[in-house]
file structure.pdb (PDB, C-alpha atoms)
MODEL        1
ATOM      1  CA  MET O   1     -46.066  29.564 -46.713  1.00  0.00           C
ATOM      2  CA  LYS O   2     -43.169  27.824 -48.409  1.00  0.00           C
ATOM      3  CA  ILE O   3     -40.157  29.392 -50.004  1.00  0.00           C
ATOM      4  CA  LYS O   4     -37.964  27.265 -52.209  1.00  0.00           C
ATOM      5  CA  ILE O   5     -34.552  28.367 -53.457  1.00  0.00           C
ATOM      6  CA  ASP O   6     -32.567  26.299 -55.951  1.00  0.00           C
ATOM      7  CA  ILE O   7     -28.867  27.029 -56.211  1.00  0.00           C
ATOM      8  CA  ASP O   8     -26.987  25.567 -59.132  1.00  0.00           C
ATOM      9  CA  CYS O   9     -23.258  25.520 -58.431  1.00  0.00           C
ATOM     10  CA  THR O  10     -20.342  23.145 -58.320  1.00  0.00           C
ATOM     11  CA  PRO O  11     -18.940  21.830 -55.029  1.00  0.00           C
ATOM     12  CA  GLY O  12     -15.894  24.066 -55.550  1.00  0.00           C
ATOM     13  CA  GLU O  13     -18.067  27.145 -55.998  1.00  0.00           C
ATOM     14  CA  ALA O  14     -20.088  26.296 -52.890  1.00  0.00           C
ATOM     15  CA  ARG O  15     -16.890  25.739 -50.897  1.00  0.00           C
ATOM     16  CA  ALA O  16     -15.499  29.114 -51.998  1.00  0.00           C
ATOM     17  CA  PHE O  17     -18.797  30.874 -51.273  1.00  0.00           C
ATOM     18  CA  LEU O  18     -18.909  29.437 -47.739  1.00  0.00           C
ATOM     19  CA  GLY O  19     -15.233  30.249 -47.169  1.00  0.00           C
ATOM     20  CA  LEU O  20     -14.125  26.647 -46.764  1.00  0.00           C
ATOM     21  CA  PRO O  21     -10.572  25.706 -47.747  1.00  0.00           C
ATOM     22  CA  ASP O  22      -9.765  23.681 -50.851  1.00  0.00           C
ATOM     23  CA  VAL O  23      -8.262  20.477 -49.466  1.00  0.00           C
ATOM     24  CA  ALA O  24      -7.802  18.687 -52.807  1.00  0.00           C
ATOM     25  CA  PRO O  25      -4.030  19.413 -53.095  1.00  0.00           C
ATOM     26  CA  MET O  26      -3.432  18.218 -49.532  1.00  0.00           C
ATOM     27  CA  GLN O  27      -5.556  15.118 -50.097  1.00  0.00           C
ATOM     28  CA  GLU O  28      -3.626  14.247 -53.262  1.00  0.00           C
ATOM     29  CA  ALA O  29      -0.292  14.702 -51.469  1.00  0.00           C
ATOM     30  CA  VAL O  30      -1.392  12.434 -48.614  1.00  0.00           C
ATOM     31  CA  LEU O  31      -2.697   9.773 -51.018  1.00  0.00           C
ATOM     32  CA  LEU O  32       0.552   9.887 -53.018  1.00  0.00           C
ATOM     33  CA  ASP O  33       2.544   9.439 -49.788  1.00  0.00           C
ATOM     34  CA  ILE O  34       0.371   6.472 -48.756  1.00  0.00           C
ATOM     35  CA  GLN O  35       0.739   4.941 -52.220  1.00  0.00           C
ATOM     36  CA  ASN O  36       4.532   5.283 -52.087  1.00  0.00           C
ATOM     37  CA  ARG O  37       4.670   3.734 -48.609  1.00  0.00           C
ATOM     38  CA  MET O  38       2.530   0.793 -49.735  1.00  0.00           C
ATOM     39  CA  LYS O  39       4.744   0.229 -52.786  1.00  0.00           C
ATOM     40  CA  GLU O  40       7.873   0.265 -50.597  1.00  0.00           C
ATOM     41  CA  ALA O  41       6.300  -2.139 -48.112  1.00  0.00           C
ATOM     42  CA  MET O  42       5.296  -4.547 -50.885  1.00  0.00           C
ATOM     43  CA  ALA O  43       8.751  -4.343 -52.495  1.00  0.00           C
ATOM     44  CA  ASP O  44      10.450  -5.135 -49.174  1.00  0.00           C
ATOM     45  CA  ALA O  45       7.973  -7.837 -48.202  1.00  0.00           C
ATOM     46  CA  ASP O  46       8.909 -11.484 -48.263  1.00  0.00           C
ATOM     47  CA  MET O  47       5.789 -13.053 -49.691  1.00  0.00           C
ATOM     48  CA  GLU O  48       6.511 -16.524 -48.300  1.00  0.00           C
ATOM     49  CA  SER O  49       6.748 -15.274 -44.717  1.00  0.00           C
ATOM     50  CA  LEU O  50       3.695 -13.078 -45.286  1.00  0.00           C
ATOM     51  CA  VAL O  51       1.627 -16.070 -46.409  1.00  0.00           C
ATOM     52  CA  LYS O  52       2.915 -18.136 -43.479  1.00  0.00           C
ATOM     53  CA  THR O  53       1.874 -15.341 -41.124  1.00  0.00           C
ATOM     54  CA  TRP O  54      -1.607 -15.126 -42.620  1.00  0.00           C
ATOM     55  CA  MET O  55      -2.099 -18.881 -42.920  1.00  0.00           C
ATOM     56  CA  PRO O  56      -0.315 -20.655 -40.089  1.00  0.00           C
ATOM     57  CA  SER O  57       0.038 -24.402 -39.583  1.00  0.00           C
ATOM     58  CA  GLY O  58      -3.680 -24.874 -40.188  1.00  0.00           C
ATOM     59  CA  MET O  59      -2.863 -24.885 -43.894  1.00  0.00           C
ATOM     60  CA  GLN O  60      -1.083 -28.234 -43.460  1.00  0.00           C
ATOM     61  CA  GLY O  61      -4.456 -29.720 -42.586  1.00  0.00           C
ATOM     62  CA  PHE O  62      -5.961 -28.043 -45.632  1.00  0.00           C
ATOM     63  CA  ASP O  63      -3.202 -29.525 -47.808  1.00  0.00           C
ATOM     64  CA  THR O  64      -3.955 -32.998 -46.455  1.00  0.00           C
ATOM     65  CA  MET O  65      -7.678 -32.504 -47.037  1.00  0.00           C
ATOM     66  CA  GLN O  66      -7.025 -31.291 -50.585  1.00  0.00           C
ATOM     67  CA  LYS O  67      -4.842 -34.312 -51.374  1.00  0.00           C
ATOM     68  CA  ALA O  68      -7.521 -36.636 -50.019  1.00  0.00           C
ATOM     69  CA  PHE O  69     -10.176 -34.875 -52.100  1.00  0.00           C
ATOM     70  CA  TRP O  70      -8.165 -35.198 -55.300  1.00  0.00           C
ATOM     71  CA  ALA O  71      -7.304 -38.809 -54.571  1.00  0.00           C
ATOM     72  CA  LYS O  72     -11.013 -39.552 -54.089  1.00  0.00           C
ATOM     73  CA  ALA O  73     -11.921 -37.621 -57.236  1.00  0.00           C
ATOM     74  CA  MET O  74      -9.367 -39.567 -59.263  1.00  0.00           C
ATOM     75  CA  GLY O  75     -10.617 -42.904 -57.836  1.00  0.00           C
ATOM     76  CA  LYS O  76      -7.572 -43.529 -55.653  1.00  0.00           C
ATOM     77  CA  SER O  77      -9.275 -43.952 -52.317  1.00  0.00           C
ATOM     78  CA  ASP O  78      -7.321 -45.004 -49.210  1.00  0.00           C
ATOM     79  CA  ASP O  79     -10.481 -46.649 -47.790  1.00  0.00           C
TER      80      ASP O  79
ENDMDL
END

call {"tool": "encode", "arguments": {"input": "structure.pdb", "output": "structure tokens"}}
result
Amino acid sequence: MKIKIDIDCTPGEARAFLGLPDVAPMQEAVLLDIQNRMKEAMADADMESLVKTWMPSGMQGFDTMQKAFWAKAMGKSDD
């Protein structure tokens, strides 16, 4: 024997029926705080030092490789 019950309700209605708290206001407050902190961090950040931190001296080798590639592409080979 099978019994099937379909309940048509919104998540908010189900939450209220089960007695669960509505956390949407708290979630929005936390997200707003995180957004403000990220904006402050980006405003205070020195992008040049940030890039140097992410891409250390290995980028010098990349720069050399890129110059060699463009020289070869333009027909100015050092060979």

call {"tool": "atom_distance", "arguments": {"input": "structure.pdb", "atom1": "CA of Ala43 (chain O)", "atom2": "CA of Gln27 (chain O)"}}
result
24.3 Å

call {"tool": "atom_distance", "arguments": {"input": "structure.pdb", "atom1": "CA of Met26 (chain O)", "atom2": "CA of Gly12 (chain O)"}}
result
15.0 Å

call {"tool": "atom_distance", "arguments": {"input": "structure.pdb", "atom1": "CA of Leu18 (chain O)", "atom2": "CA of Lys2 (chain O)"}}
result
24.3 Å
